[in-house]
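What follows is one structure encoded as structure tokens, with my remarks underneath.
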Amino acid sequence: MAKIADWFRRHAPDKRKLIQLYAAVLYNAHVKGFITGQIYTGRLKSLCVPGLNCYSCPGAVGACPLGALQNALAASSNRAPFYVLGILLVYGITLGRTVCGWLCPAGWMQELIYRLPTPKTEKSRFTRALSKLKYFILAVLVIALPLWNGLKGLPLPAFCKYICPAGTLEGAVALLIHPANGDRLSMLGLLFTVKLIVLIGLILFAVFVYRAFCRFVCPLGAIYGLFNRFSLLGVKVETSKCTSCGRCVHTCKMDVAHVGDRECIQCGECVRQCPEKAIRFKAGKWTPMGPEIKTDEEQIQKA
């Protein structure tokens with residue numbers, strides 16, 4: 001019994017994993033939608049959740065900020081997208097990419113897939129360069145095309161329409177597998193097939209590459225990354241304690257150049273790995289949280 005209890009203790013999810021799970025459940029708390037196969041369209045749907053979660057998911061209780069931004073830009077010929085830009089500004093200043101590390105269902109699902117026991121691809125100069133792709137996708141598919149077509153009166157949420165894997169999985173697939181929507185299968189065409197291939201490809205990549213979608217494709221992460229330097233919540237290095245050993249960057253699975261840069265998802269793994277305990281979670285100028293788990297050296301010494 002002691003061995004069983006020890007196994008469960010070692011494999012129990014940490015606080016971050018639990019918060020990720022709670023966020024995914026909260027974003028999709030409209031259980032009735034999964035039962036009826038219908039999308040919730042109540043008042044809450046006008047509010048944006050912080051993470052990437054498709055509006056068309058039958059359980060979604062809020063809107064996806066990325067989809068809302070594209071729709072707002074597409075309608076820019078009629079009204080300015082102040083509301084969506086304001087929401088993104090609030091999330092960015094307060095949370096930055098803490099959203100990616102703690103509050104995004106898409107990121108959580110990729111981390112679960114990555115745990116499958118297979119050979120893994122290490123980060124490199126190539127992945128570091130490829131991480132810039134998401135900024136190009138943000139500029140072209142999320143901003144330029146929706147805005148250009150919106151000014152011509154032709155709404156086009158390009159990222160949602162052509163790429164978004166969350167939309168394919170949570171929206172299209174989740175709706176189509178319900179018997180009540182069986183008659184819609186005949187409406188599927190080449191575009192859905194292409195998006196399904198993209199979804200399957202990203203899932204396969206996530207098996208071998210840590211958070212492949214977040215690192216290389218996700219434009220929402222690109223937006224939040226721009227605020228990492230200024231966000232109230234995140235990780236902070238106490239320079240007086242730092243010895244520049246580089247362990248934080250080396251052990252991080254994201255393509256960071258230093259703690260807290262645009263690629264940092266504020267997951268806190270560096271907090272646990274720092275031998276000098278020089279990294280803390282910050283809340284503005286307050287740094288309330290240090291390492292939750294002892295460093296490898298401390299565990300060895302204790303053993």
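Every chain in the structure tokens takes a letter, A first, then B, and so on in the order presented; its residues are numbered from 1, and the ligands are numbered from 1 following the presented order.
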Give me the residues of region 111-152 of chain A that have any atom at most 10 Å from an atom of region 262-279 of chain A; for each, the nearest atom pair and the distance in Å, rounded to one decimal. Use only C-alpha atoms, sort by chain and number, and format it as CSV.
```
residue,atom,partner,partner_atom,distance
A:Arg128,CA,A:Glu263,CA,9.2
A:Ser131,CA,A:Glu263,CA,8.0
A:Lys132,CA,A:Glu263,CA,9.4
```
Counting only C-alpha atoms, give me one row per residue of region 163-222 of chain A with an atom at most 7 Å from an atom of region 57-75 of chain A, showing the shortest contact pair and its distance in Å to one decimal, sorted by chain then residue number, as a Markdown table.
```
| residue | atom | partner | partner_atom | distance |
| --- | --- | --- | --- | --- |
| A:Glu170 | CA | A:Cys57 | CA | 4.7 |
| A:Gly171 | CA | A:Cys57 | CA | 4.3 |
| A:Ala174 | CA | A:Cys57 | CA | 6.7 |
| A:Leu175 | CA | A:Pro58 | CA | 6.6 |
| A:Leu220 | CA | A:Leu66 | CA | 6.2 |
```
Kindly save the residues from that selection, with C-alpha atoms included, as an mmCIF file, in the first residue's frame.
```cif
data_model
loop_
_atom_site.group_PDB
_atom_site.id
_atom_site.type_symbol
_atom_site.label_atom_id
_atom_site.label_comp_id
_atom_site.auth_asym_id
_atom_site.auth_seq_id
_atom_site.Cartn_x
_atom_site.Cartn_y
_atom_site.Cartn_z
ATOM 1 C CA GLU A 170 -14.067 22.002 -30.500
ATOM 2 C CA GLY A 171 -16.362 23.552 -33.060
ATOM 3 C CA ALA A 174 -17.590 18.340 -31.455
ATOM 4 C CA LEU A 175 -20.771 19.454 -33.221
ATOM 5 C CA LEU A 220 -2.979 34.679 -29.449
#
```
Compile the contact shell of region 153-159 of chain A as number ranges by chain: residues with an atom at most 12 Å away, counting only C-alpha atoms, same-chain residues fewer than 3 positions apart removed.
A: 66-78, 134, 136-150, 162-168, 195, 217-220
CA of Asn28 (chain A) to CA of Leu191 (chain A): how many Å, to one decimal?
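Between CA of Asn28 (chain A) and CA of Leu191 (chain A) the gap works out to 25.7 Å.
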From the DSSP assignment of the backbone, select every residue of region 105-170 of chain A that is alpha helix (DSSP H), and format the answer as a VMD selection string.
chain A and resid 105 to 114 125 to 130 133 to 137 145 to 151 158 to 162 165 to 166
Print the selection's residues with C-alpha atoms to a file, as a PDB file, in the first residue's frame.
```
ATOM      1  CA  PRO A 105      -7.148  24.634 -22.871  1.00  0.00           C
ATOM      2  CA  ALA A 106      -5.187  24.280 -26.132  1.00  0.00           C
ATOM      3  CA  GLY A 107      -1.892  24.468 -24.255  1.00  0.00           C
ATOM      4  CA  TRP A 108      -3.109  22.011 -21.623  1.00  0.00           C
ATOM      5  CA  MET A 109      -4.158  19.466 -24.257  1.00  0.00           C
ATOM      6  CA  GLN A 110      -0.765  19.707 -25.967  1.00  0.00           C
ATOM      7  CA  GLU A 111       1.028  19.080 -22.686  1.00  0.00           C
ATOM      8  CA  LEU A 112      -1.075  15.955 -22.126  1.00  0.00           C
ATOM      9  CA  ILE A 113      -0.287  14.700 -25.641  1.00  0.00           C
ATOM     10  CA  TYR A 114       3.429  15.410 -25.153  1.00  0.00           C
ATOM     11  CA  ARG A 125      18.269  27.438 -33.365  1.00  0.00           C
ATOM     12  CA  PHE A 126      15.796  26.124 -35.918  1.00  0.00           C
ATOM     13  CA  THR A 127      12.880  26.000 -33.448  1.00  0.00           C
ATOM     14  CA  ARG A 128      13.914  29.408 -32.139  1.00  0.00           C
ATOM     15  CA  ALA A 129      13.686  30.822 -35.671  1.00  0.00           C
ATOM     16  CA  LEU A 130      10.436  28.955 -36.360  1.00  0.00           C
ATOM     17  CA  LEU A 133       6.191  32.248 -37.576  1.00  0.00           C
ATOM     18  CA  LYS A 134       3.293  32.989 -35.229  1.00  0.00           C
ATOM     19  CA  TYR A 135       3.976  36.731 -35.481  1.00  0.00           C
ATOM     20  CA  PHE A 136       3.685  36.500 -39.266  1.00  0.00           C
ATOM     21  CA  ILE A 137       0.417  34.579 -38.884  1.00  0.00           C
ATOM     22  CA  LEU A 145      -6.738  39.953 -44.187  1.00  0.00           C
ATOM     23  CA  PRO A 146      -9.753  40.472 -41.880  1.00  0.00           C
ATOM     24  CA  LEU A 147      -9.175  44.240 -41.896  1.00  0.00           C
ATOM     25  CA  TRP A 148      -8.625  44.453 -45.663  1.00  0.00           C
ATOM     26  CA  ASN A 149     -11.682  42.373 -46.488  1.00  0.00           C
ATOM     27  CA  GLY A 150     -13.752  44.119 -43.822  1.00  0.00           C
ATOM     28  CA  LEU A 151     -13.097  47.507 -45.388  1.00  0.00           C
ATOM     29  CA  ALA A 158      -8.900  34.148 -41.941  1.00  0.00           C
ATOM     30  CA  PHE A 159      -7.135  32.343 -39.090  1.00  0.00           C
ATOM     31  CA  CYS A 160     -10.358  30.788 -37.805  1.00  0.00           C
ATOM     32  CA  LYS A 161     -11.445  29.834 -41.298  1.00  0.00           C
ATOM     33  CA  TYR A 162      -8.221  28.353 -42.635  1.00  0.00           C
ATOM     34  CA  PRO A 165      -7.201  23.661 -34.767  1.00  0.00           C
ATOM     35  CA  ALA A 166      -9.304  24.594 -31.730  1.00  0.00           C
TER      36      ALA A 166
END
```
Using only C-alpha atoms, pick whichever of A:Leu103, A:Leu188, A:Val249, A:Val256 has the shortest atom-to-atom distance to Leu18 (chain A).
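For Leu18 (chain A), the nearest of the given residues is A:Leu103.
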I'd like the contact shell of Phe208 (chain A) - 8 Å cut-off, only C-alpha atoms, skipping same-chain residues fewer than 5 positions apart - returned as a VMD selection string.
chain A and resid 114 118 to 121
